[in-house]
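Participant: One structure, as structure tokens, below. Some questions next.
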Protein chains: 2
Amino acid sequence: MNIKEIAKLAGVSKSTVSRVLNNSSLVAQDTRKKVLDIINESGYLPNSIARSLKVKKTKTIGVIVPDIGNPFYFEVLRGIEKVLDKKGFNIMLCNSEYDEEKELRYAYLLAAKKVDGIICAPCSESSKAVQNLCKWGIPFVVFDIPQVNLATNLVVVDHSECSYLAAKHLLENGHTNILSIDVPNPQKIESKFVLGYLKALREYNILPKPELIQKASPDITGGYSIIKKLNNQKVYFTGVITICDLVAVGVYKAAKKLGLKIPDDLSVVGNDDIPLARYLNPPLTTIRQPKYPLGFRSAKLLLSQIESKSGTEPYDCTQGQPTIIKLGVRLIQRCSVKRRN
Amino acid sequence: MNIKEIAKLAGVSKSTVSRVLNNSSLVAQDTRKKVLDIINESGYLPNSIARSLKVKKTKTIGVIVPDIGNPFYFEVLRGIEKVLDKKGFNIMLCNSEYDEEKELRYAYLLAAKKVDGIICAPCSESSKAVQNLCKWGIPFVVFDIPQVNLATNLVVVDHSECSYLAAKHLLENGHTNILSIDVPNPQKIESKFVLGYLKALREYNILPKPELIQKASPDITGGYSIIKKLNNQKVYFTGVITICDLVAVGVYKAAKKLGLKIPDDLSVVGNDDIPLARYLNPPLTTIRQPKYPLGFRSAKLLLSQIESKSGTEPYDCTQGQPTIIKLGVRLIQRCSVKRRN
DNA sequence: ATGAAAGCGCTAACAC
DNA sequence: GTGTTAGCGCTTTCAT
């Protein structure tokens with residue numbers, strides 16, 4: 001069943017049917033009714049594919065995240081969904097699993113499917129995928145991970161501020177041997193996260209120890225295994241800051257296994273404030289990320305970009321100043337940090 | 001940049017370019033190379049929209065769930081993604097928010113976008129959305145919520161078994177006043193969840209009390225407010241079983257607020273076994289749902305359905321026996337249930 | 001092994 | 001107000 005058959009049944013032309021489908025005012029009341037009746041009783045479904053081919057708009061947005069299993073991205077996704085749904089956009093969700101190859105493949109797929117735009121949290125600071133999005137001229141915004149050597153529309157928090165706040169809180173509570181657990185990153189440069197950590201140490205005149213600057217995969221397993229490893233190596237620390245709450249959960253798990261009590265034997269501050277953080281045992285002290293706003297603002301930004309795009313031209317991401325939205329974070333004190341003397 | 005321009009640059013016809021794009025063997029080695037070179041240096045992106053219009057396949061699957069914020073659906077989604085990604089399908093994710101209207105609207109949107117199939121966890125047992133999918137002849141499988149009066153391909157667990165197992169565990173531990181928290185459902189009939197609960201009570205010769213059969217929205221807030229309400233009404237119970245772990249978290253929250261200790265003052269058993277259940281305080285005793293398999297099997301089932309579909313015909317869901325896959329559940333004992341004397 | 005041409009279902013000038 | 005027509009970018013017979 002297509003527009004042509006409907007036209008025949010209604011005794012009008014394709015254009016007329018198309019007009020009523022698109023709520024054009026250029027159609028008489030009774031013709032409209034006649035056509036609408038036919039459409040309803042025939043169970044006709046417009047073919048958006050054909051429409052998209054013609055109008056060069058798909059009303060769908062691609063979203064690429066490293067791990068939908070992480071509540072952090074969940075919350076972001078909710079923010080994205082909120083604004084997109086209201087505007088009639090669908091989301092094509094892609095899970096890169098922190099795999100650059102997969103990320104790139106998805107970017108390609110989405111581009112080929114002619115999504116109207118892409119929201120991406122890249123796995124790395126110089127993502128091949130976002131470089132290509134730029135090249136292909138498709139509107140996009142990146143969130144969470146700023147790209148080096150590439151000025152893009154961006155919505156982020158300052159990761160160094162997170163670790164700074166977290167480390168400072170521990171320092172204020174008398175901890176001097178603080179473990180920092182970051183994600184592995186392929187870049188040579190120091191990550192923002194350890195930069196903030198270092199800054200806090202400096203303010204307290206504490207020399208950083210290399211063995212306390214660690215990296216782990218950003219999930220429960222990552223946190224678990226790093227603590228186990230360090231315990232085997234007899235590395236000493238009384239506090240730990242983690243790149244995300246999931247890693248903190250892994251730390252909890254390891255602590256339990258090792259017979260370490262939190263916060264008595266080990267203080268930990270997370271990063272994210274996932275919904276379940278407050279229900280952990282003990283409730284997790286953490287840095288609250290504006291997760292929902294991250295998604296919400298990203299989507300808004302993308303939409304404005306799409307709307308301002310001149311007709312059918314590819315989007316030129318190198319022209320004009322990119323918009324950078326930086327969102328604030330704050331410390332949420334719960335029960336996983338204990339004062340030391 | 002399109003196939004026509006590539007053809008011109010390479011000095012061949014559109015058909016030839018199309019052939020190399022589709023890895024047809026009917027093209028000479030050197031022509032292929034020549035075309036490939038042009039494609040690479042021009043940064044040409046095939047237009048899947050146009051292709052889809054022609055071949056009537058989009059290589060995308062729609063997924064409709066009531067709440068992506070619930071880790072249960074997350075895990076299911078991971079299972080779905082696993083099999084779909086391997087086959088080169090994209091996922092269009094839709095969040096119905098337990099709203100029948102929205103569910104229906106999404107079904108329509110997905111159908112119009114000509115997704116190759118749909119996986120849906122309907123909000124209700126007689127979803128207008130799935131009835132329409134049937135009518136529209138698009139391949140789909142429903143999971144988690146069986147439809148009354150409509151034989152569909154299905155992958156589920158037996159909800160009555162969940163509540164039965166949960167209630168029985170409480171009964172075995174000496175509890176006789178057990179609260180059941182189900183989701184609200186518009187149907188007149190008793191839900192599966194309370195059926196299993198009732199069955200367990202019957203085996204222990206305990207008469208059900210209407211005030212202990214409650215419904216709440218399937219999230220933290222739902223669990224929280226129902227406990228608060230019942231507390232105000234001085235309803236007495238020592239154990240509670242919940243339709244999902246998130247509700248159990250809400251129960252935890254209310255208990256804390258009310259000064260009730262779990263499990264000393266109140267025993268609770270959840271349902272789902274979300275990843276964080278074991279990290280709650282106290283670790284939650286719950287019924288483990290095969291979440292990942294639920295998604296995995298649903299996707300597999302859908303794919304086989306799509307593959308068996310005869311050419312371009314719409315899918316007739318009324319012909320032949322629908323496949324029903326029933327997955328097992330089991331009790332995971334942790335620390336939220338205490339023996340009573 | 002390659003090209004010409006028809007057509008997928010729709011929209012949007014343009015004519016009337 | 002309505003119809004005619006020419007594509008959108010691709011695949012796929014059917015010739016050659």
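Every chain in the structure tokens has a letter given in the order shown (A, B, ...), and although residue numbers restart at 1 in each chain, ligands are simply numbered from 1 in the order shown.
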Show me which bits of chain D are within 10 Å of chain B, counting only C-alpha atoms (C1' of nucleotides), as a ChimeraX atom specification.
Facilitator: /D:8-12
Participant: Specify as an MDAnalysis selection string all residues of chain C found within 12 Å of chain A, counting only C-alpha atoms (C1' of nucleotides).
Facilitator: chainID C and resid 8:13
Participant: Could you turn the residues from that selection into a file that holds C-alpha atoms (C1' of nucleotides), as a PDB file, in the first residue's frame?
Facilitator:
ATOM      1  C1'  DC C   8      11.542   1.955  -5.213  1.00  0.00           C
ATOM      2  C1'  DG C   9       7.625   5.794  -2.688  1.00  0.00           C
ATOM      3  C1'  DC C  10       7.710  10.087  -1.976  1.00  0.00           C
ATOM      4  C1'  DT C  11       7.887  15.629  -2.575  1.00  0.00           C
ATOM      5  C1'  DA C  12       7.826  19.963  -4.896  1.00  0.00           C
ATOM      6  C1'  DA C  13       8.003  22.959  -8.665  1.00  0.00           C
TER       7       DA C  13
END
Participant: Since chain A and chain B share a sequence, can you fit the second onto the first over all C-alpha atoms in order and output it as a CSV table (one decimal) with C-alpha atoms, in the first residue's frame?
Facilitator:
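File out.csv, as written:
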chain,number,residue,atom,x,y,z
B,1,MET,CA,0.0,0.0,0.2
B,2,ASN,CA,1.4,3.3,-1.0
B,3,ILE,CA,0.5,6.8,-1.9
B,4,LYS,CA,-0.3,5.8,-5.4
B,5,GLU,CA,-2.9,3.3,-4.4
B,6,ILE,CA,-4.4,5.6,-1.9
B,7,ALA,CA,-4.6,8.2,-4.7
B,8,LYS,CA,-6.4,5.8,-7.0
B,9,LEU,CA,-8.9,4.7,-4.3
B,10,ALA,CA,-9.7,8.3,-3.4
B,11,GLY,CA,-9.9,9.3,-7.1
B,12,VAL,CA,-7.3,12.0,-6.8
B,13,SER,CA,-3.6,12.4,-7.7
B,14,LYS,CA,-0.5,11.4,-5.7
B,15,SER,CA,0.3,15.0,-5.1
B,16,THR,CA,-3.0,15.6,-3.4
B,17,VAL,CA,-2.6,12.6,-1.1
B,18,SER,CA,0.9,13.9,-0.3
B,19,ARG,CA,-0.5,17.3,0.5
B,20,VAL,CA,-3.0,16.0,3.0
B,21,LEU,CA,-0.3,13.8,4.5
B,22,ASN,CA,1.8,16.9,5.0
B,23,ASN,CA,-1.1,19.1,6.2
B,24,SER,CA,-0.8,21.4,3.3
B,25,SER,CA,-3.4,24.1,3.3
B,26,LEU,CA,-3.7,23.8,-0.5
B,27,VAL,CA,-6.4,21.2,-0.4
B,28,ALA,CA,-10.1,21.5,-0.2
B,29,GLN,CA,-11.9,20.4,3.0
B,30,ASP,CA,-13.9,17.6,1.4
B,31,THR,CA,-11.0,16.2,-0.7
B,32,ARG,CA,-9.0,16.1,2.5
B,33,LYS,CA,-11.7,14.3,4.3
B,34,LYS,CA,-12.2,11.8,1.5
B,35,VAL,CA,-8.5,11.0,1.4
B,36,LEU,CA,-8.2,10.8,5.2
B,37,ASP,CA,-11.0,8.3,5.3
B,38,ILE,CA,-9.4,6.1,2.7
B,39,ILE,CA,-6.1,6.3,4.6
B,40,ASN,CA,-7.7,5.3,7.9
B,41,GLU,CA,-9.7,2.3,6.6
B,42,SER,CA,-6.8,1.0,4.5
B,43,GLY,CA,-4.3,1.0,7.3
B,44,TYR,CA,-1.9,2.8,5.1
B,45,LEU,CA,1.6,3.7,6.5
B,46,PRO,CA,3.6,6.4,5.0
B,47,ASN,CA,7.1,5.3,3.9
B,48,SER,CA,9.5,7.6,5.8
B,49,ILE,CA,12.4,6.1,3.9
B,50,ALA,CA,11.1,7.4,0.6
B,51,ARG,CA,10.3,10.7,2.2
B,52,SER,CA,13.7,11.0,3.6
B,53,LEU,CA,15.4,10.3,0.3
B,54,LYS,CA,13.5,13.2,-1.1
B,55,VAL,CA,13.7,15.7,1.6
B,56,LYS,CA,17.1,14.8,2.9
B,57,LYS,CA,16.0,14.6,6.4
B,58,THR,CA,15.6,11.5,8.5
B,59,LYS,CA,14.4,12.8,11.8
B,60,THR,CA,16.7,10.5,13.5
B,61,ILE,CA,19.8,11.3,15.6
B,62,GLY,CA,22.7,8.9,16.2
B,63,VAL,CA,24.0,8.5,19.7
B,64,ILE,CA,27.4,6.9,20.3
B,65,VAL,CA,28.4,6.1,23.9
B,66,PRO,CA,31.2,3.8,25.2
B,67,ASP,CA,29.0,1.8,27.6
B,68,ILE,CA,25.2,1.9,27.9
B,69,GLY,CA,25.7,-0.5,30.9
B,70,ASN,CA,27.1,2.4,32.9
B,71,PRO,CA,24.3,4.3,34.6
B,72,PHE,CA,26.2,7.5,33.9
B,73,TYR,CA,25.4,7.2,30.2
B,74,PHE,CA,22.0,6.1,31.0
B,75,GLU,CA,21.2,9.3,32.7
B,76,VAL,CA,22.8,11.3,29.9
B,77,LEU,CA,20.7,9.3,27.4
B,78,ARG,CA,17.5,10.2,29.3
B,79,GLY,CA,18.4,13.9,28.9
B,80,ILE,CA,19.0,13.4,25.2
B,81,GLU,CA,15.8,11.5,24.8
B,82,LYS,CA,13.7,14.1,26.6
B,83,VAL,CA,14.5,16.9,24.1
B,84,LEU,CA,14.7,14.7,21.0
B,85,ASP,CA,11.4,13.0,21.6
B,86,LYS,CA,9.6,16.3,21.9
B,87,LYS,CA,10.8,17.3,18.5
B,88,GLY,CA,9.8,14.0,16.9
B,89,PHE,CA,13.3,12.6,16.5
B,90,ASN,CA,14.2,9.0,17.0
B,91,ILE,CA,17.4,7.9,18.5
B,92,MET,CA,19.8,5.4,17.0
B,93,LEU,CA,21.8,4.1,19.9
B,94,CYS,CA,25.3,2.7,19.4
B,95,ASN,CA,27.5,1.2,22.1
B,96,SER,CA,31.2,1.5,21.2
B,97,GLU,CA,32.3,-0.6,24.2
B,98,TYR,CA,35.4,1.7,24.5
B,99,ASP,CA,36.5,0.2,21.2
B,100,GLU,CA,37.8,2.8,18.7
B,101,GLU,CA,37.3,0.5,15.8
B,102,LYS,CA,33.7,-0.1,16.7
B,103,GLU,CA,33.2,3.6,17.4
B,104,LEU,CA,34.4,4.4,13.9
B,105,ARG,CA,32.4,1.7,12.3
B,106,TYR,CA,29.2,3.1,14.0
B,107,ALA,CA,30.0,6.6,12.9
B,108,TYR,CA,30.3,5.4,9.4
B,109,LEU,CA,27.0,3.4,9.6
B,110,LEU,CA,25.2,6.4,11.1
B,111,ALA,CA,26.5,8.7,8.4
B,112,ALA,CA,25.5,6.3,5.7
B,113,LYS,CA,22.0,6.1,7.2
B,114,LYS,CA,21.9,9.8,6.9
B,115,VAL,CA,21.0,10.6,10.5
B,116,ASP,CA,20.4,14.3,10.9
B,117,GLY,CA,23.0,14.6,13.5
B,118,ILE,CA,25.2,12.7,16.0
B,119,ILE,CA,25.8,13.0,19.7
B,120,CYS,CA,29.0,11.2,20.7
B,121,ALA,CA,31.0,10.5,23.8
B,122,PRO,CA,34.2,9.4,22.2
B,123,CYS,CA,36.4,6.7,23.8
B,124,SER,CA,39.5,8.8,23.3
B,125,GLU,CA,40.7,12.4,23.1
B,126,SER,CA,41.5,12.1,19.4
B,127,SER,CA,38.7,10.0,18.1
B,128,LYS,CA,39.0,9.0,14.5
B,129,ALA,CA,35.2,8.8,14.5
B,130,VAL,CA,34.7,12.5,15.3
B,131,GLN,CA,37.4,13.5,12.8
B,132,ASN,CA,35.4,11.7,10.2
B,133,LEU,CA,32.1,13.3,11.2
B,134,CYS,CA,33.8,16.6,10.7
B,135,LYS,CA,35.1,15.5,7.3
B,136,TRP,CA,31.7,14.2,6.2
B,137,GLY,CA,30.0,17.4,7.1
B,138,ILE,CA,27.4,15.9,9.4
B,139,PRO,CA,26.3,18.0,12.4
B,140,PHE,CA,27.4,16.6,15.7
B,141,VAL,CA,28.3,17.4,19.3
B,142,VAL,CA,30.7,15.6,21.5
B,143,PHE,CA,30.2,15.4,25.2
B,144,ASP,CA,32.3,14.4,28.1
B,145,ILE,CA,35.6,13.9,26.3
B,146,PRO,CA,37.0,17.1,24.6
B,147,GLN,CA,39.1,16.4,21.5
B,148,VAL,CA,42.6,17.6,21.2
B,149,ASN,CA,43.5,19.4,18.0
B,150,LEU,CA,39.9,19.7,17.0
B,151,ALA,CA,37.6,22.4,18.0
B,152,THR,CA,34.1,20.9,18.1
B,153,ASN,CA,30.8,21.8,19.7
B,154,LEU,CA,31.2,20.4,23.1
B,155,VAL,CA,29.4,19.9,26.4
B,156,VAL,CA,31.5,18.8,29.3
B,157,VAL,CA,32.4,19.0,32.9
B,158,ASP,CA,36.0,19.7,33.9
B,159,HIS,CA,37.4,16.3,34.8
B,160,SER,CA,40.3,17.9,36.6
B,161,GLU,CA,37.9,19.7,38.8
B,162,CYS,CA,36.3,16.4,39.7
B,163,SER,CA,39.5,14.8,40.8
B,164,TYR,CA,40.7,18.0,42.5
B,165,LEU,CA,37.5,18.2,44.6
B,166,ALA,CA,37.7,14.5,45.4
B,167,ALA,CA,41.3,14.5,46.4
B,168,LYS,CA,41.0,17.7,48.3
B,169,HIS,CA,38.2,16.2,50.4
B,170,LEU,CA,40.4,13.3,51.3
B,171,LEU,CA,43.3,15.6,52.1
B,172,GLU,CA,41.1,17.8,54.3
B,173,ASN,CA,40.3,14.6,56.2
B,174,GLY,CA,43.8,13.9,56.9
B,175,HIS,CA,44.6,11.4,54.2
B,176,THR,CA,48.0,11.7,52.6
B,177,ASN,CA,48.4,8.4,50.7
B,178,ILE,CA,45.7,8.7,48.1
B,179,LEU,CA,45.2,6.3,45.3
B,180,SER,CA,43.9,7.8,42.0
B,181,ILE,CA,42.2,5.4,39.6
B,182,ASP,CA,41.8,6.9,36.2
B,183,VAL,CA,40.8,5.2,32.9
B,184,PRO,CA,43.5,4.0,30.6
B,185,ASN,CA,44.0,6.5,27.8
B,186,PRO,CA,46.2,6.0,24.7
B,187,GLN,CA,47.4,9.6,24.8
B,188,LYS,CA,50.9,10.3,26.0
B,189,ILE,CA,49.8,13.4,27.9
B,190,GLU,CA,48.7,13.4,31.5
B,191,SER,CA,45.0,13.1,31.7
B,192,LYS,CA,42.8,15.8,33.1
B,193,PHE,CA,41.8,13.5,36.0
B,194,VAL,CA,45.3,13.0,37.3
B,195,LEU,CA,46.1,16.7,36.7
B,196,GLY,CA,43.4,17.7,39.2
B,197,TYR,CA,44.6,15.1,41.6
B,198,LEU,CA,48.2,16.4,41.3
B,199,LYS,CA,47.0,19.9,41.8
B,200,ALA,CA,45.3,19.0,45.1
B,201,LEU,CA,48.4,17.2,46.3
B,202,ARG,CA,50.6,20.2,45.5
B,203,GLU,CA,48.4,22.5,47.5
B,204,TYR,CA,49.0,20.2,50.5
B,205,ASN,CA,52.8,19.9,49.7
B,206,ILE,CA,52.5,16.2,49.1
B,207,LEU,CA,54.8,14.6,46.6
B,208,PRO,CA,52.9,12.3,44.3
B,209,LYS,CA,53.9,8.6,44.3
B,210,PRO,CA,53.9,6.9,40.9
B,211,GLU,CA,52.4,3.7,42.3
B,212,LEU,CA,49.4,5.6,43.5
B,213,ILE,CA,48.5,6.9,40.0
B,214,GLN,CA,46.7,4.0,38.5
B,215,LYS,CA,44.5,3.2,35.6
B,216,ALA,CA,41.7,0.7,35.2
B,217,SER,CA,38.8,-0.1,33.0
B,218,PRO,CA,35.8,2.1,34.0
B,219,ASP,CA,33.6,-0.6,35.5
B,220,ILE,CA,33.2,-2.8,38.6
B,221,THR,CA,35.8,-5.3,37.5
B,222,GLY,CA,38.3,-2.5,36.9
B,223,GLY,CA,38.0,-1.2,40.4
B,224,TYR,CA,38.1,-4.6,41.9
B,225,SER,CA,41.2,-5.9,40.2
B,226,ILE,CA,43.3,-2.8,40.7
B,227,ILE,CA,42.8,-2.9,44.5
B,228,LYS,CA,43.6,-6.6,44.5
B,229,LYS,CA,46.7,-6.0,42.5
B,230,LEU,CA,47.9,-3.2,44.7
B,231,ASN,CA,47.2,-5.2,47.8
B,232,ASN,CA,49.4,-8.0,46.5
B,233,GLN,CA,52.1,-5.5,45.9
B,234,LYS,CA,51.8,-4.1,49.4
B,235,VAL,CA,51.2,-0.6,48.2
B,236,TYR,CA,50.0,1.6,51.0
B,237,PHE,CA,47.1,4.0,50.8
B,238,THR,CA,44.2,5.1,53.0
B,239,GLY,CA,42.1,6.9,50.5
B,240,VAL,CA,41.1,6.4,46.9
B,241,ILE,CA,39.4,8.5,44.3
B,242,THR,CA,37.9,6.9,41.2
B,243,ILE,CA,37.1,8.1,37.7
B,244,CYS,CA,33.5,6.8,38.1
B,245,ASP,CA,31.2,5.3,40.7
B,246,LEU,CA,31.2,1.9,39.0
B,247,VAL,CA,34.9,1.7,39.8
B,248,ALA,CA,34.2,2.7,43.3
B,249,VAL,CA,31.8,-0.2,43.6
B,250,GLY,CA,34.6,-2.5,42.4
B,251,VAL,CA,36.7,-1.0,45.2
B,252,TYR,CA,34.0,-1.8,47.7
B,253,LYS,CA,33.9,-5.3,46.4
B,254,ALA,CA,37.7,-5.8,46.7
B,255,ALA,CA,37.7,-4.2,50.2
B,256,LYS,CA,35.1,-6.6,51.4
B,257,LYS,CA,37.0,-9.6,50.0
B,258,LEU,CA,40.2,-8.3,51.6
B,259,GLY,CA,38.5,-7.7,54.9
B,260,LEU,CA,39.1,-3.9,54.7
B,261,LYS,CA,36.3,-1.8,56.2
B,262,ILE,CA,35.0,1.2,54.4
B,263,PRO,CA,35.5,3.9,55.6
B,264,ASP,CA,37.4,2.7,58.7
B,265,ASP,CA,40.3,1.1,56.8
B,266,LEU,CA,39.8,2.8,53.5
B,267,SER,CA,38.1,6.0,52.5
B,268,VAL,CA,36.7,6.3,49.0
B,269,VAL,CA,35.2,9.0,46.9
B,270,GLY,CA,33.6,8.2,43.6
B,271,ASN,CA,32.7,10.3,40.6
B,272,ASP,CA,29.3,10.5,38.9
B,273,ASP,CA,26.7,10.1,41.6
B,274,ILE,CA,24.8,7.3,40.0
B,275,PRO,CA,21.3,6.8,41.4
B,276,LEU,CA,22.3,3.9,43.5
B,277,ALA,CA,25.4,5.5,45.0
B,278,ARG,CA,23.4,6.5,48.1
B,279,TYR,CA,22.2,3.0,48.6
B,280,LEU,CA,25.6,1.4,48.7
B,281,ASN,CA,27.1,0.1,51.9
B,282,PRO,CA,28.3,2.5,53.1
B,283,PRO,CA,26.6,5.2,51.0
B,284,LEU,CA,29.2,6.6,48.6
B,285,THR,CA,30.7,10.0,48.9
B,286,THR,CA,31.1,11.2,45.4
B,287,ILE,CA,31.4,14.0,42.9
B,288,ARG,CA,28.0,14.7,41.3
B,289,GLN,CA,28.1,15.0,37.6
B,290,PRO,CA,25.2,16.8,35.9
B,291,LYS,CA,24.4,13.7,33.9
B,292,TYR,CA,20.9,14.6,32.7
B,293,PRO,CA,21.9,18.2,31.9
B,294,LEU,CA,24.8,16.8,29.9
B,295,GLY,CA,22.4,15.0,27.7
B,296,PHE,CA,19.8,17.7,27.6
B,297,ARG,CA,22.2,20.4,26.6
B,298,SER,CA,24.0,18.2,24.1
B,299,ALA,CA,20.7,17.5,22.4
B,300,LYS,CA,19.6,21.2,22.5
B,301,LEU,CA,23.0,22.2,21.0
B,302,LEU,CA,22.8,19.7,18.2
B,303,LEU,CA,19.2,20.7,17.4
B,304,SER,CA,20.1,24.3,17.1
B,305,GLN,CA,23.0,23.3,14.9
B,306,ILE,CA,20.8,21.3,12.6
B,307,GLU,CA,18.2,24.0,12.4
B,308,SER,CA,20.7,26.7,11.5
B,309,LYS,CA,22.2,24.5,8.8
B,310,SER,CA,21.7,26.1,5.4
B,311,GLY,CA,19.4,23.9,3.4
B,312,THR,CA,21.0,20.8,2.0
B,313,GLU,CA,24.6,21.9,2.3
B,314,PRO,CA,26.9,19.6,4.4
B,315,TYR,CA,27.7,21.0,7.7
B,316,ASP,CA,31.1,22.7,8.0
B,317,CYS,CA,32.3,22.2,11.5
B,318,THR,CA,35.4,24.3,10.9
B,319,GLN,CA,33.6,27.6,10.2
B,320,GLY,CA,32.7,29.9,13.1
B,321,GLN,CA,33.4,29.4,16.7
B,322,PRO,CA,32.3,26.2,18.2
B,323,THR,CA,30.0,26.4,21.2
B,324,ILE,CA,31.5,25.0,24.4
B,325,ILE,CA,29.2,24.4,27.3
B,326,LYS,CA,30.9,23.6,30.6
B,327,LEU,CA,28.8,22.3,33.4
B,328,GLY,CA,29.7,22.4,37.1
B,329,VAL,CA,30.2,19.6,39.6
B,330,ARG,CA,30.0,19.3,43.3
B,331,LEU,CA,31.0,17.1,46.2
B,332,ILE,CA,28.2,15.0,47.7
B,333,GLN,CA,29.2,13.9,51.2
B,334,ARG,CA,27.9,10.6,52.4
B,335,CYS,CA,29.6,7.9,54.4
B,336,SER,CA,32.6,6.5,52.6
B,337,VAL,CA,35.2,8.9,53.9
B,338,LYS,CA,36.6,8.9,57.5
B,339,ARG,CA,38.7,11.5,59.2
B,340,ARG,CA,42.3,10.4,60.0
B,341,ASN,CA,44.6,11.8,62.7
Participant: What parts of segment 22-230 of chain B does DSSP call strand (DSSP E or B)? I'd like the answer as a PyMOL selection string.
Facilitator: chain B and resi 60-65+90-95+117-120+140-143+154-157+178-182+213-215
